[in-house]
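J.: What follows is a single structure, and I will ask about it in a moment.
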Amino acid sequence: MAEQSSEPRQRDQHQGSDQVRPKVTVPSISEMKASGELIGMITAYDAAFAALVDQAGVDMILVGDSVGTVVQGRSNTVGVSLDEMSYHVRMVRRAEPKALVVGDLPFGSYQVSVEQSVVNAVSLLKAGAEAVKLEGGVTVADHIAAMTRFDIPVVGHIGLTPQSYHRMGGHKVQGRMRGTDAGQRDRLIEDAFAVEQAGAFALVIEGVPRELAGEITSKLSIPTIGIGAGPDCDGQVLVLHDVLGLSDMPLKFIKHYAELGAQTVAATRRYLAEVKDGTWPDDAHSYH
Ligand code: KIV
């Protein structure tokens, strides 16, 4: 059972300039659970946004296979390839973020065998990831153990695992029913322990009742990072496009902290209007 700090669980504000911010490492993420500092993670898929979210002071950048839905226009993440993930990891790496960069292993890149999972995790590390994430619990414990044996840091992911889209029948909240079948409550607790015992240094818990996420968090010694899992995890992750209002997923756990989608349409309309009425470009924006 993990020891719980009695200190208020607040996140440091990273008051200083980015130059003085130390590099976030795997050990420093582990220390955050021990000290009770909440972990802030967000996704990014390219150098420009990675630099911006890093400037904001996030602890971890997830190059998530959610790139498939929010960037590539797919309805789920199943079709995302390892080459695509490597490409996005390379772009994010070029921003040289202080945040820890986690690369997502896409569907089909680790399920076939333990050997396949190690080979493909190595390729994401060579592309610039500092850790990899994969979905599943007991079924991938051997894969996680093999990766961590070769010093590949691993983040687990249980609950609403988007790569299980077809098994779940869509993006459905998991863990509401007792039972040991995939996605059921007792199985998710078993999955969480399996991931920890296999050597993962953190665990994403997605789309489960907050009580279940809280129970798992209190029982594990590795940090849990929630998404749609309530406030009792050791940290939170959201998809960048959801945070910025660039997507329109009607999900309860999504919050727009900006409305860049609406602003993009409005700005493009203004630009287009000026092109059409001949006022763009004006003299001030022309060479002489
Ligand atoms: O791909 C992703 O962005 C994720 C998060 C939703 C945790 O896995």
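If you're wondering about the labels, chains in the structure tokens are A, B, ... by order shown, residues count from 1 in each chain, ligands from 1 in order shown.
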May I have the residues within 7 Å of ligand 1, computed using only C-alpha atoms and all ligand atoms, as a short mmCIF file (atom, residue, chain, number, x, y, z; two decimals) with all heavy atoms, in the first residue's frame?

T.:
```cif
data_model
loop_
_atom_site.label_atom_id
_atom_site.label_comp_id
_atom_site.auth_asym_id
_atom_site.auth_seq_id
_atom_site.Cartn_x
_atom_site.Cartn_y
_atom_site.Cartn_z
N THR A 43 -1.05 15.98 -24.35
CA THR A 43 -0.51 15.42 -25.59
C THR A 43 0.03 16.54 -26.47
O THR A 43 -0.38 17.70 -26.35
CB THR A 43 -1.59 14.65 -26.39
OG1 THR A 43 -2.57 15.59 -26.87
CG2 THR A 43 -2.25 13.57 -25.55
N LEU A 62 2.77 13.62 -23.86
CA LEU A 62 2.43 12.32 -24.45
C LEU A 62 2.24 12.51 -25.95
O LEU A 62 1.35 13.25 -26.38
CB LEU A 62 1.14 11.77 -23.83
CG LEU A 62 0.59 10.51 -24.50
CD1 LEU A 62 1.56 9.34 -24.37
CD2 LEU A 62 -0.77 10.14 -23.89
N VAL A 63 3.11 11.86 -26.72
CA VAL A 63 2.88 11.81 -28.16
C VAL A 63 1.92 10.63 -28.35
O VAL A 63 2.31 9.48 -28.50
CB VAL A 63 4.19 11.60 -28.94
CG1 VAL A 63 3.94 11.75 -30.44
CG2 VAL A 63 5.26 12.59 -28.48
N GLY A 64 0.63 10.95 -28.21
CA GLY A 64 -0.38 9.91 -28.13
C GLY A 64 -0.84 9.44 -29.50
O GLY A 64 -0.78 10.20 -30.49
N ASP A 65 -1.34 8.21 -29.54
CA ASP A 65 -1.91 7.75 -30.81
C ASP A 65 -3.28 8.41 -31.04
O ASP A 65 -3.91 8.19 -32.08
CB ASP A 65 -1.98 6.22 -30.91
CG ASP A 65 -2.86 5.59 -29.85
OD1 ASP A 65 -3.38 6.31 -28.97
OD2 ASP A 65 -3.05 4.34 -29.89
N SER A 66 -3.70 9.26 -30.09
CA SER A 66 -4.87 10.11 -30.34
C SER A 66 -4.62 11.02 -31.54
O SER A 66 -5.56 11.62 -32.06
CB SER A 66 -5.19 10.95 -29.10
OG SER A 66 -4.04 11.62 -28.64
N VAL A 67 -3.36 11.10 -31.99
CA VAL A 67 -3.06 11.82 -33.23
C VAL A 67 -3.98 11.29 -34.35
O VAL A 67 -4.35 12.05 -35.26
CB VAL A 67 -1.56 11.67 -33.61
CG1 VAL A 67 -1.21 10.24 -34.04
CG2 VAL A 67 -1.16 12.66 -34.68
N ASP A 104 3.60 6.80 -27.65
CA ASP A 104 2.58 5.76 -27.59
C ASP A 104 2.90 4.64 -28.59
O ASP A 104 3.14 4.91 -29.77
CB ASP A 104 1.23 6.38 -28.01
CG ASP A 104 0.14 6.10 -27.01
OD1 ASP A 104 0.34 5.29 -26.08
OD2 ASP A 104 -0.94 6.73 -27.15
N VAL A 204 -1.55 5.26 -16.72
CA VAL A 204 -2.71 6.08 -17.15
C VAL A 204 -3.97 5.27 -16.89
O VAL A 204 -4.05 4.08 -17.24
CB VAL A 204 -2.60 6.46 -18.64
CG1 VAL A 204 -3.91 7.05 -19.15
CG2 VAL A 204 -1.45 7.44 -18.87
N GLU A 206 -7.95 5.55 -17.70
CA GLU A 206 -8.87 6.34 -18.53
C GLU A 206 -10.30 5.83 -18.42
O GLU A 206 -10.56 4.62 -18.43
CB GLU A 206 -8.41 6.26 -20.00
CG GLU A 206 -9.35 7.02 -20.95
CD GLU A 206 -8.80 7.21 -22.35
OE1 GLU A 206 -7.66 6.81 -22.60
OE2 GLU A 206 -9.54 7.77 -23.18
N ILE A 227 -7.50 10.30 -16.86
CA ILE A 227 -8.22 11.03 -17.91
C ILE A 227 -9.63 10.48 -17.88
O ILE A 227 -9.86 9.29 -18.12
CB ILE A 227 -7.53 10.93 -19.30
CG1 ILE A 227 -8.43 11.54 -20.39
CG2 ILE A 227 -7.10 9.51 -19.65
CD1 ILE A 227 -7.73 11.81 -21.71
N VAL A 237 -4.09 13.82 -17.42
CA VAL A 237 -3.69 14.03 -18.81
C VAL A 237 -4.93 14.38 -19.61
O VAL A 237 -6.03 13.88 -19.32
CB VAL A 237 -2.99 12.77 -19.41
CG1 VAL A 237 -3.82 11.52 -19.32
CG2 VAL A 237 -2.54 13.02 -20.85
N LEU A 238 -4.78 15.28 -20.57
CA LEU A 238 -5.85 15.56 -21.53
C LEU A 238 -5.22 15.65 -22.92
O LEU A 238 -4.01 15.89 -23.06
CB LEU A 238 -6.58 16.87 -21.21
CG LEU A 238 -7.66 16.83 -20.11
CD1 LEU A 238 -8.23 18.22 -19.87
CD2 LEU A 238 -8.80 15.85 -20.43
N VAL A 239 -6.06 15.50 -23.91
CA VAL A 239 -5.63 15.63 -25.29
C VAL A 239 -5.59 17.13 -25.64
O VAL A 239 -6.55 17.87 -25.37
CB VAL A 239 -6.60 14.85 -26.22
CG1 VAL A 239 -6.37 15.19 -27.69
CG2 VAL A 239 -6.46 13.35 -25.99
#
```

J.: Which residues of range 129-159 of chain A come within 9 Å of range 182-192 of chain A, and for each one, what is the closest pair of atoms and their distance in Å to one decimal, counting only C-alpha atoms, sorted by chain and residue number, as a tab-separated table?

T.:
```
residue	atom	partner	partner_atom	distance
A:Gly136	CA	A:Asp191	CA	7.2
A:Gly137	CA	A:Asp191	CA	3.9
A:Val138	CA	A:Asp191	CA	5.1
A:Thr139	CA	A:Asp191	CA	8.3
A:Ala141	CA	A:Asp191	CA	8.5
A:Gly156	CA	A:Ala192	CA	8.2
A:His157	CA	A:Ala192	CA	8.6
A:Ile158	CA	A:Leu188	CA	7.0
A:Gly159	CA	A:Gly183	CA	6.2
```

J.: Go ahead and save the residues from that selection, with C-alpha atoms, as a PDB file, in the first residue's frame.

T.:
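As written to disk, selection-v1.pdb reads:
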```pdb
ATOM      1  CA  GLY A 136      -3.532  -3.284 -21.321  1.00  0.00           C
ATOM      2  CA  GLY A 137      -2.903  -4.958 -17.979  1.00  0.00           C
ATOM      3  CA  VAL A 138      -2.373  -8.648 -17.311  1.00  0.00           C
ATOM      4  CA  THR A 139      -2.234  -9.400 -21.027  1.00  0.00           C
ATOM      5  CA  ALA A 141       2.587  -7.710 -18.232  1.00  0.00           C
ATOM      6  CA  GLY A 156       0.806   1.499 -18.562  1.00  0.00           C
ATOM      7  CA  HIS A 157      -2.741   2.400 -19.654  1.00  0.00           C
ATOM      8  CA  ILE A 158      -5.893   0.697 -18.380  1.00  0.00           C
ATOM      9  CA  GLY A 159      -9.636   1.328 -18.329  1.00  0.00           C
TER      10      GLY A 159
END
```

J.: Taking the DSSP assignment computed from this structure's backbone, write out as number ranges by chain all residues of range 7-78 of chain A that belong to alpha helix (DSSP H).

T.: A: 26-35, 47-55, 67-70

J.: Can you pull out the residues contacting Val78 in chain A? Cut-off 10 Å, using only C-alpha atoms, and skip same-chain residues under 3 positions away; I want them as a PyMOL selection string.

T.: chain A and resi 65-66+68-69+74-75+81+106-108+162-166

J.: Counting only C-alpha atoms, what is within 12 Å of Lys126 in chain A, bar same-chain residues fewer than 6 positions away, as a list in words?

T.: Met85, Ser86, Tyr87, Val89, Arg90, Arg93, Gly103, Val119, Asn120, Val132 and Ile152 of chain A

J.: Please identify all polymer residues within 12 Å of Val101 in chain A, counting only C-alpha atoms, omitting same-chain residues fewer than 3 positions from it, and present them as a PyMOL selection string.

T.: chain A and resi 23-26+29+41-47+50-51+53-54+58-64+88-98+104+124-125+127-133+153-155

J.: So which bits of range 128-267 of chain A end up strand (DSSP E) when you DSSP the backbone, as a count of residues only?

T.: 22

J.: Nearest to Val173 in chain A: which of A:Leu52, A:Leu244, A:Ile39, A:Ile205 is it, counting only C-alpha atoms?

T.: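 Smallest distance to Val173 in chain A is found for A:Ile205.
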
J.: Point out the residue among A:Ser113, A:Thr161, A:Ser123, A:Thr224 with the least atom-to-atom distance to His143 in chain A, counting only C-alpha atoms.

T.: A:Ser113

J.: I'd like to know which of A:Pro223, A:Lys172, A:Glu115, A:Glu211 is closest to Lys252 in chain A, using only C-alpha atoms.

T.: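 Looking at the shortest contact to Lys252 in chain A, the residue is A:Lys172.
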